[in-house]
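Novice: Sharing input27.pdb below, PDB, C-alpha atoms:
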```
ATOM      1  CA  MET A   1       4.745 -25.923   6.832
ATOM      2  CA  PRO A   2       4.908 -24.662  10.439
ATOM      3  CA  SER A   3       2.523 -21.749  10.956
ATOM      4  CA  LEU A   4       2.963 -18.538  12.876
ATOM      5  CA  PRO A   5       0.049 -19.301  15.202
ATOM      6  CA  GLY A   6       2.119 -22.242  16.429
ATOM      7  CA  PHE A   7       5.108 -19.944  16.756
ATOM      8  CA  ILE A   8       3.095 -17.435  18.783
ATOM      9  CA  THR A   9       1.528 -20.014  21.095
ATOM     10  CA  ARG A  10       4.963 -20.751  22.459
ATOM     11  CA  TYR A  11       4.687 -17.436  24.260
ATOM     12  CA  PHE A  12       1.088 -17.993  25.396
ATOM     13  CA  SER A  13       1.455 -21.559  26.629
ATOM     14  CA  LYS A  14      -0.391 -22.096  29.916
ATOM     15  CA  ASP A  15       2.096 -24.714  30.992
ATOM     16  CA  GLU A  16       5.212 -22.620  30.580
ATOM     17  CA  LEU A  17       5.004 -18.888  30.000
ATOM     18  CA  LYS A  18       7.780 -17.683  27.767
ATOM     19  CA  PRO A  19       8.637 -13.998  27.486
ATOM     20  CA  PRO A  20       8.355 -12.476  24.003
ATOM     21  CA  PRO A  21      11.640 -11.606  22.292
ATOM     22  CA  ILE A  22      10.751  -7.889  22.356
ATOM     23  CA  SER A  23       8.124  -5.622  23.894
ATOM     24  CA  THR A  24       5.465  -3.685  22.010
ATOM     25  CA  ARG A  25       7.284  -0.464  22.818
ATOM     26  CA  THR A  26      10.488  -1.863  21.330
ATOM     27  CA  ALA A  27       8.603  -3.068  18.246
ATOM     28  CA  ILE A  28       7.157   0.409  17.663
ATOM     29  CA  PHE A  29      10.573   1.948  18.267
ATOM     30  CA  LEU A  30      12.059  -0.340  15.621
ATOM     31  CA  LEU A  31       9.260   0.598  13.209
ATOM     32  CA  VAL A  32      10.136   4.269  13.691
ATOM     33  CA  ILE A  33      13.825   3.494  13.153
ATOM     34  CA  TYR A  34      12.974   1.532  10.009
ATOM     35  CA  THR A  35      10.990   4.526   8.745
ATOM     36  CA  LEU A  36      13.849   6.933   9.402
ATOM     37  CA  ILE A  37      16.318   4.632   7.663
ATOM     38  CA  TYR A  38      13.915   4.523   4.719
ATOM     39  CA  VAL A  39      13.300   8.280   4.412
ATOM     40  CA  VAL A  40      16.313  10.172   5.819
ATOM     41  CA  PRO A  41      18.826   9.011   3.169
ATOM     42  CA  PHE A  42      16.703  10.821   0.563
ATOM     43  CA  TYR A  43      18.003  14.097   1.960
ATOM     44  CA  LEU A  44      21.622  13.178   2.706
ATOM     45  CA  SER A  45      22.881  12.963  -0.856
ATOM     46  CA  PRO A  46      22.593  15.522  -3.655
ATOM     47  CA  THR A  47      21.640  12.665  -5.988
ATOM     48  CA  THR A  48      18.478  11.887  -4.006
ATOM     49  CA  ARG A  49      17.691  15.277  -2.447
ATOM     50  CA  PRO A  50      15.182  17.368  -4.405
ATOM     51  CA  SER A  51      15.720  21.088  -4.794
ATOM     52  CA  PRO A  52      14.151  23.975  -6.702
ATOM     53  CA  THR A  53      16.258  22.871  -9.685
ATOM     54  CA  LEU A  54      16.019  19.093  -9.213
ATOM     55  CA  SER A  55      12.610  17.414  -9.089
ATOM     56  CA  ARG A  56      11.890  14.226  -7.180
ATOM     57  CA  ASP A  57      10.507  12.974 -10.503
ATOM     58  CA  ALA A  58      13.847  13.300 -12.275
ATOM     59  CA  PRO A  59      14.948   9.827 -13.501
ATOM     60  CA  SER A  60      18.333  10.162 -11.767
ATOM     61  CA  VAL A  61      16.646  10.916  -8.433
ATOM     62  CA  ILE A  62      14.191   8.032  -8.826
ATOM     63  CA  ARG A  63      16.952   5.526  -9.648
ATOM     64  CA  ALA A  64      19.084   6.658  -6.714
ATOM     65  CA  ARG A  65      16.124   6.498  -4.317
ATOM     66  CA  ILE A  66      15.130   3.025  -5.467
ATOM     67  CA  ALA A  67      18.678   1.843  -4.796
ATOM     68  CA  SER A  68      18.588   3.488  -1.361
ATOM     69  CA  VAL A  69      15.265   1.996  -0.229
ATOM     70  CA  SER A  70      16.256  -1.413  -1.588
ATOM     71  CA  LEU A  71      19.278  -1.444   0.701
ATOM     72  CA  THR A  72      17.079  -0.261   3.560
ATOM     73  CA  CYS A  73      14.659  -3.146   3.001
ATOM     74  CA  VAL A  74      17.483  -5.678   3.027
ATOM     75  CA  ALA A  75      18.941  -4.253   6.234
ATOM     76  CA  CYS A  76      15.616  -3.976   8.113
ATOM     77  CA  SER A  77      14.426  -7.397   6.961
ATOM     78  CA  THR A  78      17.686  -8.882   8.212
ATOM     79  CA  ILE A  79      17.179  -7.260  11.623
ATOM     80  CA  THR A  80      13.651  -8.681  11.880
ATOM     81  CA  PHE A  81      14.843 -12.108  10.761
ATOM     82  CA  VAL A  82      17.567 -12.135  13.421
ATOM     83  CA  ILE A  83      15.144 -11.063  16.175
ATOM     84  CA  LEU A  84      12.625 -13.774  15.293
ATOM     85  CA  THR A  85      15.197 -16.555  15.019
ATOM     86  CA  SER A  86      17.386 -15.532  17.958
ATOM     87  CA  GLN A  87      17.831 -18.126  20.682
ATOM     88  CA  GLY A  88      15.906 -20.681  18.631
ATOM     89  CA  ARG A  89      12.594 -18.881  19.053
ATOM     90  CA  ALA A  90      11.537 -19.626  15.478
ATOM     91  CA  THR A  91      12.918 -21.749  12.669
ATOM     92  CA  THR A  92      13.927 -20.325   9.320
ATOM     93  CA  ALA A  93      10.765 -21.769   7.737
ATOM     94  CA  GLU A  94       8.555 -20.222  10.412
ATOM     95  CA  THR A  95      10.258 -16.859  10.025
ATOM     96  CA  LEU A  96       9.912 -16.840   6.238
ATOM     97  CA  HIS A  97       6.218 -17.592   6.748
ATOM     98  CA  THR A  98       5.929 -14.833   9.322
ATOM     99  CA  MET A  99       7.497 -12.350   6.918
ATOM    100  CA  GLY A 100       5.200 -13.370   4.067
ATOM    101  CA  TYR A 101       7.794 -14.888   1.744
ATOM    102  CA  TRP A 102       6.771 -18.542   1.860
ATOM    103  CA  PRO A 103       4.313 -19.886   0.941
ATOM    104  CA  VAL A 104       4.104 -17.276  -1.821
ATOM    105  CA  GLY A 105       0.304 -17.267  -1.696
ATOM    106  CA  LEU A 106      -0.784 -17.095  -5.333
ATOM    107  CA  VAL A 107      -4.368 -18.035  -4.475
ATOM    108  CA  GLU A 108      -4.411 -15.539  -1.607
ATOM    109  CA  THR A 109      -3.063 -12.860  -3.952
ATOM    110  CA  GLY A 110      -5.868 -13.472  -6.432
ATOM    111  CA  LYS A 111      -8.535 -13.381  -3.727
ATOM    112  CA  CYS A 112      -7.210 -10.204  -2.077
ATOM    113  CA  PHE A 113      -6.908  -8.537  -5.476
ATOM    114  CA  LEU A 114     -10.474  -9.520  -6.363
ATOM    115  CA  LEU A 115     -11.755  -8.207  -3.036
ATOM    116  CA  THR A 116     -10.078  -4.840  -3.605
ATOM    117  CA  ALA A 117     -11.286  -4.691  -7.214
ATOM    118  CA  VAL A 118     -14.854  -5.161  -5.953
ATOM    119  CA  LEU A 119     -14.354  -2.157  -3.666
ATOM    120  CA  PHE A 120     -13.206  -0.157  -6.704
ATOM    121  CA  ALA A 121     -16.117  -1.237  -8.918
ATOM    122  CA  GLY A 122     -17.145   2.381  -9.488
ATOM    123  CA  PRO A 123     -13.682   3.723 -10.380
ATOM    124  CA  LEU A 124     -13.028   0.689 -12.608
ATOM    125  CA  TYR A 125     -16.262   1.429 -14.446
ATOM    126  CA  GLU A 126     -15.200   5.060 -14.911
ATOM    127  CA  TYR A 127     -11.730   4.128 -16.145
ATOM    128  CA  LEU A 128     -12.537   1.130 -18.347
ATOM    129  CA  VAL A 129     -15.989   2.064 -19.660
ATOM    130  CA  VAL A 130     -16.579   5.808 -19.376
ATOM    131  CA  ASP A 131     -12.997   6.823 -20.236
ATOM    132  CA  GLU A 132     -12.617   3.810 -22.565
ATOM    133  CA  GLY A 133      -9.485   2.603 -20.831
ATOM    134  CA  TRP A 134     -10.141  -0.854 -22.235
ATOM    135  CA  ARG A 135      -8.840   0.403 -25.567
ATOM    136  CA  ASP A 136      -5.419   1.070 -24.002
ATOM    137  CA  TRP A 137      -5.285  -2.451 -22.593
ATOM    138  CA  LEU A 138      -6.000  -3.953 -26.011
ATOM    139  CA  THR A 139      -2.678  -2.500 -27.162
ATOM    140  CA  LEU A 140      -0.976  -3.146 -23.761
ATOM    141  CA  ARG A 141      -0.184   0.557 -23.563
ATOM    142  CA  PRO A 142      -0.235   0.627 -19.717
ATOM    143  CA  LEU A 143       2.458  -2.067 -19.626
ATOM    144  CA  SER A 144       4.677  -0.225 -22.099
ATOM    145  CA  GLU A 145       4.312   2.931 -19.999
ATOM    146  CA  LEU A 146       5.141   0.958 -16.843
ATOM    147  CA  PHE A 147       8.468  -0.162 -18.263
ATOM    148  CA  GLY A 148       9.138   3.071 -20.108
ATOM    149  CA  GLU A 149       8.472   5.762 -17.494
ATOM    150  CA  TRP A 150      10.489   5.964 -14.280
ATOM    151  CA  THR A 151       7.754   7.842 -12.407
ATOM    152  CA  ILE A 152       5.200   5.122 -13.210
ATOM    153  CA  TRP A 153       7.663   2.370 -12.254
ATOM    154  CA  ARG A 154       8.287   4.117  -8.937
ATOM    155  CA  ASN A 155       4.596   4.657  -8.181
ATOM    156  CA  ILE A 156       3.325   1.228  -9.253
ATOM    157  CA  VAL A 157       6.220  -1.181  -8.606
ATOM    158  CA  ALA A 158       9.210   0.100  -6.638
ATOM    159  CA  GLY A 159       7.297   2.207  -4.113
ATOM    160  CA  PRO A 160       4.586  -0.341  -3.241
ATOM    161  CA  PHE A 161       7.024  -3.270  -3.103
ATOM    162  CA  THR A 162       9.617  -1.631  -0.857
ATOM    163  CA  GLU A 163       6.953  -0.134   1.404
ATOM    164  CA  GLU A 164       5.253  -3.504   1.843
ATOM    165  CA  VAL A 165       8.579  -5.214   2.509
ATOM    166  CA  LEU A 166       9.422  -2.645   5.168
ATOM    167  CA  PHE A 167       6.091  -1.926   6.862
ATOM    168  CA  ARG A 168       4.370  -5.286   6.497
ATOM    169  CA  SER A 169       6.992  -8.000   5.995
ATOM    170  CA  ALA A 170       9.640  -6.551   8.317
ATOM    171  CA  GLY A 171       7.366  -4.525  10.611
ATOM    172  CA  VAL A 172       4.233  -6.528  11.407
ATOM    173  CA  PRO A 173       6.095  -9.662  12.647
ATOM    174  CA  LEU A 174       7.765  -7.511  15.295
ATOM    175  CA  MET A 175       4.355  -6.499  16.642
ATOM    176  CA  LEU A 176       3.156 -10.103  16.662
ATOM    177  CA  ALA A 177       6.305 -11.404  18.301
ATOM    178  CA  ALA A 178       5.816  -8.754  21.016
ATOM    179  CA  GLN A 179       2.346 -10.217  21.742
ATOM    180  CA  THR A 180       0.757  -6.951  20.636
ATOM    181  CA  PRO A 181      -3.040  -7.318  20.322
ATOM    182  CA  VAL A 182      -4.159  -7.836  16.734
ATOM    183  CA  THR A 183      -6.351  -4.714  16.741
ATOM    184  CA  THR A 184      -3.436  -2.611  17.932
ATOM    185  CA  THR A 185      -1.204  -4.132  15.271
ATOM    186  CA  ILE A 186      -3.720  -3.332  12.526
ATOM    187  CA  PHE A 187      -4.381   0.268  13.549
ATOM    188  CA  LEU A 188      -1.174   1.422  15.262
ATOM    189  CA  SER A 189       1.617   0.171  13.006
ATOM    190  CA  PRO A 190       0.039   1.793   9.895
ATOM    191  CA  LEU A 191       0.223   5.163  11.656
ATOM    192  CA  VAL A 192       3.994   4.938  11.296
ATOM    193  CA  PHE A 193       3.444   4.050   7.632
ATOM    194  CA  GLY A 194       1.322   7.190   7.257
ATOM    195  CA  LEU A 195       3.891   9.381   8.994
ATOM    196  CA  ALA A 196       6.525   8.110   6.564
ATOM    197  CA  HIS A 197       4.723  10.058   3.824
ATOM    198  CA  LEU A 198       4.823  13.441   5.569
ATOM    199  CA  HIS A 199       8.145  14.286   3.961
ATOM    200  CA  HIS A 200       6.166  14.832   0.758
ATOM    201  CA  TYR A 201       5.094  18.170   2.283
ATOM    202  CA  TYR A 202       8.615  19.519   1.865
ATOM    203  CA  GLU A 203       8.986  18.156  -1.649
ATOM    204  CA  PHE A 204       5.580  19.426  -2.777
ATOM    205  CA  ARG A 205       6.367  22.850  -1.361
ATOM    206  CA  LEU A 206       9.585  22.952  -3.388
ATOM    207  CA  SER A 207       7.702  22.288  -6.606
ATOM    208  CA  HIS A 208       4.747  24.547  -5.699
ATOM    209  CA  PRO A 209       6.289  27.502  -3.825
ATOM    210  CA  HIS A 210       3.368  29.844  -4.519
ATOM    211  CA  LEU A 211       0.706  27.719  -2.814
ATOM    212  CA  ALA A 212      -0.513  28.760   0.636
ATOM    213  CA  THR A 213       0.993  26.969   3.620
ATOM    214  CA  SER A 214      -2.485  26.197   4.972
ATOM    215  CA  PHE A 215      -3.337  24.352   1.752
ATOM    216  CA  LEU A 216      -0.093  22.371   1.873
ATOM    217  CA  LEU A 217      -0.689  21.435   5.514
ATOM    218  CA  MET A 218      -4.242  20.322   4.769
ATOM    219  CA  ARG A 219      -2.966  18.262   1.849
ATOM    220  CA  SER A 220      -0.400  16.555   4.100
ATOM    221  CA  ILE A 221      -3.003  15.840   6.793
ATOM    222  CA  MET A 222      -5.295  14.260   4.213
ATOM    223  CA  GLN A 223      -2.394  12.204   2.874
ATOM    224  CA  LEU A 224      -1.583  11.060   6.415
ATOM    225  CA  GLY A 225      -5.209  10.026   6.841
ATOM    226  CA  TYR A 226      -5.642   7.947   3.716
ATOM    227  CA  THR A 227      -2.161   6.372   3.829
ATOM    228  CA  THR A 228      -2.787   5.319   7.436
ATOM    229  CA  LEU A 229      -6.196   3.933   6.452
ATOM    230  CA  PHE A 230      -4.688   1.998   3.563
ATOM    231  CA  GLY A 231      -1.895   0.795   5.848
ATOM    232  CA  ALA A 232      -4.498  -0.654   8.209
ATOM    233  CA  TYR A 233      -6.186  -2.442   5.305
ATOM    234  CA  ALA A 234      -2.869  -3.789   4.008
ATOM    235  CA  THR A 235      -1.905  -4.979   7.495
ATOM    236  CA  PHE A 236      -5.256  -6.757   7.816
ATOM    237  CA  LEU A 237      -4.735  -8.482   4.457
ATOM    238  CA  PHE A 238      -1.180  -9.438   5.401
ATOM    239  CA  LEU A 239      -2.322 -11.030   8.649
ATOM    240  CA  ARG A 240      -5.172 -12.862   6.938
ATOM    241  CA  SER A 241      -3.255 -14.048   3.861
ATOM    242  CA  GLY A 242       0.284 -14.441   5.173
ATOM    243  CA  SER A 243       1.453 -13.276   1.754
ATOM    244  CA  LEU A 244       3.772 -10.402   0.907
ATOM    245  CA  LEU A 245       2.854 -10.813  -2.756
ATOM    246  CA  ALA A 246      -0.836 -10.283  -1.960
ATOM    247  CA  VAL A 247      -0.364  -6.945  -0.198
ATOM    248  CA  PHE A 248       2.087  -5.776  -2.861
ATOM    249  CA  ALA A 249      -0.451  -6.521  -5.618
ATOM    250  CA  VAL A 250      -3.206  -4.692  -3.732
ATOM    251  CA  HIS A 251      -0.923  -1.734  -3.016
ATOM    252  CA  ALA A 252       0.104  -1.460  -6.674
ATOM    253  CA  PHE A 253      -3.534  -1.660  -7.784
ATOM    254  CA  CYS A 254      -4.623   1.051  -5.332
ATOM    255  CA  ASN A 255      -1.811   3.316  -6.517
ATOM    256  CA  CYS A 256      -3.045   2.786 -10.090
ATOM    257  CA  MET A 257      -6.622   3.687  -9.198
ATOM    258  CA  GLY A 258      -6.030   6.545  -6.772
ATOM    259  CA  LEU A 259      -8.736   7.800  -4.426
ATOM    260  CA  PRO A 260     -12.286   7.019  -5.631
ATOM    261  CA  ARG A 261     -14.382   9.949  -6.791
ATOM    262  CA  VAL A 262     -17.102  10.714  -4.234
ATOM    263  CA  TRP A 263     -18.647  13.782  -5.866
ATOM    264  CA  GLY A 264     -19.147  15.346  -9.280
ATOM    265  CA  ARG A 265     -20.481  14.060 -12.587
ATOM    266  CA  VAL A 266     -18.971  11.168 -14.532
ATOM    267  CA  LEU A 267     -19.003  12.019 -18.232
ATOM    268  CA  PRO A 268     -17.536  10.376 -21.331
ATOM    269  CA  ALA A 269     -15.594  12.335 -23.888
ATOM    270  CA  THR A 270     -17.780  14.742 -25.828
ATOM    271  CA  ILE A 271     -18.694  13.355 -29.234
ATOM    272  CA  VAL A 272     -18.858  15.860 -32.055
ATOM    273  CA  ASP A 273     -20.835  14.814 -35.164
ATOM    274  CA  GLU A 274     -20.004  15.592 -38.779
ATOM    275  CA  HIS A 275     -21.890  18.876 -38.531
ATOM    276  CA  GLY A 276     -19.731  20.080 -35.634
ATOM    277  CA  GLN A 277     -22.460  19.691 -33.043
ATOM    278  CA  SER A 278     -21.986  17.898 -29.747
ATOM    279  CA  SER A 279     -24.606  16.027 -27.759
ATOM    280  CA  ARG A 280     -25.050  16.337 -24.009
ATOM    281  CA  PRO A 281     -23.953  13.101 -22.268
ATOM    282  CA  SER A 282     -26.667  11.253 -20.383
ATOM    283  CA  VAL A 283     -26.872  11.545 -16.613
ATOM    284  CA  LEU A 284     -27.038   7.746 -16.545
ATOM    285  CA  TRP A 285     -23.237   7.628 -16.790
ATOM    286  CA  THR A 286     -23.046   9.359 -13.423
ATOM    287  CA  VAL A 287     -25.880   7.315 -11.906
ATOM    288  CA  GLY A 288     -24.172   4.097 -12.984
ATOM    289  CA  TYR A 289     -20.908   5.165 -11.362
ATOM    290  CA  TYR A 290     -22.385   5.976  -7.956
ATOM    291  CA  VAL A 291     -24.572   2.860  -7.959
ATOM    292  CA  LEU A 292     -21.471   0.738  -8.602
ATOM    293  CA  LEU A 293     -19.562   2.679  -5.949
ATOM    294  CA  VAL A 294     -22.159   1.710  -3.329
ATOM    295  CA  VAL A 295     -22.609  -1.840  -4.632
ATOM    296  CA  GLY A 296     -18.835  -2.295  -4.608
ATOM    297  CA  ALA A 297     -18.536  -1.093  -1.015
ATOM    298  CA  VAL A 298     -21.329  -3.438   0.098
ATOM    299  CA  GLY A 299     -19.828  -6.342  -1.849
ATOM    300  CA  TRP A 300     -16.416  -5.669  -0.346
ATOM    301  CA  TYR A 301     -17.818  -5.655   3.181
ATOM    302  CA  ARG A 302     -19.808  -8.858   2.697
ATOM    303  CA  ASN A 303     -16.851 -10.733   1.204
ATOM    304  CA  LEU A 304     -14.210  -9.359   3.529
ATOM    305  CA  GLY A 305     -14.041 -12.591   5.495
ATOM    306  CA  SER A 306     -14.463 -15.187   2.744
ATOM    307  CA  LEU A 307     -12.006 -13.642   0.277
ATOM    308  CA  THR A 308      -9.274 -13.211   2.898
ATOM    309  CA  GLU A 309      -9.625 -16.606   4.557
ATOM    310  CA  SER A 310      -6.471 -18.704   4.238
ATOM    311  CA  SER A 311      -4.707 -21.606   5.881
ATOM    312  CA  ASN A 312      -1.567 -19.463   5.697
ATOM    313  CA  ALA A 313      -3.036 -16.760   7.963
ATOM    314  CA  LEU A 314      -0.581 -15.386  10.484
ATOM    315  CA  VAL A 315      -3.187 -15.006  13.243
ATOM    316  CA  ALA A 316      -6.681 -16.307  13.834
ATOM    317  CA  MET A 317      -9.297 -13.567  13.411
ATOM    318  CA  ARG A 318     -13.059 -13.878  13.519
ATOM    319  CA  ILE A 319     -14.684 -11.822  10.747
TER     320      ILE A 319
END
```
Show this structure as structure tokens.

Specialist:
Amino acid sequence: MPSLPGFITRYFSKDELKPPPISTRTAIFLLVIYTLIYVVPFYLSPTTRPSPTLSRDAPSVIRARIASVSLTCVACSTITFVILTSQGRATTAETLHTMGYWPVGLVETGKCFLLTAVLFAGPLYEYLVVDEGWRDWLTLRPLSELFGEWTIWRNIVAGPFTEEVLFRSAGVPLMLAAQTPVTTTIFLSPLVFGLAHLHHYYEFRLSHPHLATSFLLMRSIMQLGYTTLFGAYATFLFLRSGSLLAVFAVHAFCNCMGLPRVWGRVLPATIVDEHGQSSRPSVLWTVGYYVLLVVGAVGWYRNLGSLTESSNALVAMRI
């Protein structure tokens, strides 16, 4: 299978310098256009536009939005495919590799998922052990909720998949084809991904009209920060694994877990005995959580290179 590094070296050859198909400025411009095509249609139709009487969580709105972003992904992916293959710059096989479709990367998906799970060791402990989430998995309740609730399907499947198709599969190859430095690709392109979430300010304000504007602005700034940070991580994994499936799996997992707790006590449900008396939970539950939070972060950092190493990598990076 031809690799993207070979595709890129055609533009860096010392014998014959070949101009890239697009510039970095054009690549960023296209990313912004992709974002607008993804978000703007939400507010053009009454079926997708939230209002004081129609929530963004209404099943009809979710279904219409999923249809809209699916069409957007097809259109933007087609544009990227045409740019990469124009004038014989890359073959179809090379382009599918560049966009993360082939090879699928099952091994890479497992390794990237494991790496991210290590980072979330503390939250996994809280969910599975402290909150006894393992009991739900014995009955496969999370899976039944996934296929039975439109909001969960949007948050765990449709949202992560379409966002990764647009911002990683269709977006990152444009930056690489423009000879954009890898560091710039990792930290600049996710900023557009973060900005794509700012429209949630308007929707949250509709559903919470009595909250102060300062609070809503702070909430949006925080959301911009952590979505941009996650976008950088997802871009790094995409470059290292060359797999769209890998970044989709990680994105879905992170949406399941949410932001890790970094303060407060971790307590199990209060147990009341037959005499109606409850016992005070041990502080060891909290100690165990924060120990695992630190151990997970250290383990993630130490395995960042080994668990993302792949022969399908889109660029060579020294970790």

Novice: Which one is closest to Phe215 (chain A): A:Thr35, A:Trp137, A:Tyr201, A:Gly288? Count only C-alpha atoms.

Specialist: A:Tyr201

Novice: Could you pull the residues within 10 Å of Gly171 (chain A), counting all atoms listed in the file, minus those fewer than 5 positions along the same chain, as a compact mmCIF listing (two decimals) with C-alpha atoms, in the coordinates of the input?

Specialist:
```
# COMPACT_ATOMS: atom_id res chain seq x y z
CA ALA A 27 8.60 -3.07 18.25
CA ILE A 28 7.16 0.41 17.66
CA LEU A 30 12.06 -0.34 15.62
CA LEU A 31 9.26 0.60 13.21
CA VAL A 32 10.14 4.27 13.69
CA TYR A 34 12.97 1.53 10.01
CA THR A 35 10.99 4.53 8.74
CA CYS A 76 15.62 -3.98 8.11
CA SER A 77 14.43 -7.40 6.96
CA THR A 80 13.65 -8.68 11.88
CA MET A 99 7.50 -12.35 6.92
CA GLU A 164 5.25 -3.50 1.84
CA VAL A 165 8.58 -5.21 2.51
CA LEU A 166 9.42 -2.64 5.17
CA LEU A 176 3.16 -10.10 16.66
CA THR A 185 -1.20 -4.13 15.27
CA SER A 189 1.62 0.17 13.01
CA PRO A 190 0.04 1.79 9.90
CA PHE A 193 3.44 4.05 7.63
CA THR A 235 -1.90 -4.98 7.50
```

Novice: Given only C-alpha atoms as the basis, pick out the residue of A:Val130, A:Ala170, A:Ile83, A:Met317 nearest to Ile33 (chain A).

Specialist: A:Ala170

Novice: Please evaluate the PyMOL selection byres ((chain A and resi 163) around 10) against the displayed coordinates and give the resulting residues as an MDAnalysis selection string.

Specialist: chainID A and resid 35 38 69:70 73 158:162 164:170 193 196 231 248 251

Novice: Print the selection's residues with C-alpha atoms to a file, as an mmCIF file, in the frame of the given file.

Specialist:
```cif
data_model
loop_
_atom_site.group_PDB
_atom_site.id
_atom_site.type_symbol
_atom_site.label_atom_id
_atom_site.label_comp_id
_atom_site.auth_asym_id
_atom_site.auth_seq_id
_atom_site.Cartn_x
_atom_site.Cartn_y
_atom_site.Cartn_z
ATOM 1 C CA THR A 35 10.990 4.526 8.745
ATOM 2 C CA TYR A 38 13.915 4.523 4.719
ATOM 3 C CA VAL A 69 15.265 1.996 -0.229
ATOM 4 C CA SER A 70 16.256 -1.413 -1.588
ATOM 5 C CA CYS A 73 14.659 -3.146 3.001
ATOM 6 C CA ALA A 158 9.210 0.100 -6.638
ATOM 7 C CA GLY A 159 7.297 2.207 -4.113
ATOM 8 C CA PRO A 160 4.586 -0.341 -3.241
ATOM 9 C CA PHE A 161 7.024 -3.270 -3.103
ATOM 10 C CA THR A 162 9.617 -1.631 -0.857
ATOM 11 C CA GLU A 164 5.253 -3.504 1.843
ATOM 12 C CA VAL A 165 8.579 -5.214 2.509
ATOM 13 C CA LEU A 166 9.422 -2.645 5.168
ATOM 14 C CA PHE A 167 6.091 -1.926 6.862
ATOM 15 C CA ARG A 168 4.370 -5.286 6.497
ATOM 16 C CA SER A 169 6.992 -8.000 5.995
ATOM 17 C CA ALA A 170 9.640 -6.551 8.317
ATOM 18 C CA PHE A 193 3.444 4.050 7.632
ATOM 19 C CA ALA A 196 6.525 8.110 6.564
ATOM 20 C CA GLY A 231 -1.895 0.795 5.848
ATOM 21 C CA PHE A 248 2.087 -5.776 -2.861
ATOM 22 C CA HIS A 251 -0.923 -1.734 -3.016
#
```

Novice: Pull out every residue that the PyMOL selection byres ((chain A and resi 180) around 12) matches in the shown coordinates and put them as a PyMOL selection string.

Specialist: chain A and resi 8+11+20-28+172-179+181-189+315

Novice: Counting only C-alpha atoms, which residue out of A:Tyr289, A:Gly105, A:Ser144, A:Ser68 sits closest to Pro260 (chain A)?

Specialist: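 The answer is A:Tyr289, which sits nearest to Pro260 (chain A).
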
Novice: Using only C-alpha atoms, determine which residues lie at most 9 Å from Val250 (chain A), disregarding the query and same-chain residues fewer than 3 positions distant; provide the list as a ChimeraX atom specification.

Specialist: /A:109,112-113,116-117,160,234,245-247,253-255

Novice: Applying the PyMOL selection byres ((chain A and resi 292-297) around 8) to the file I just gave you, which residues come out? Please list them as a ChimeraX atom specification.

Specialist: /A:118-123,125,288-291,298-301
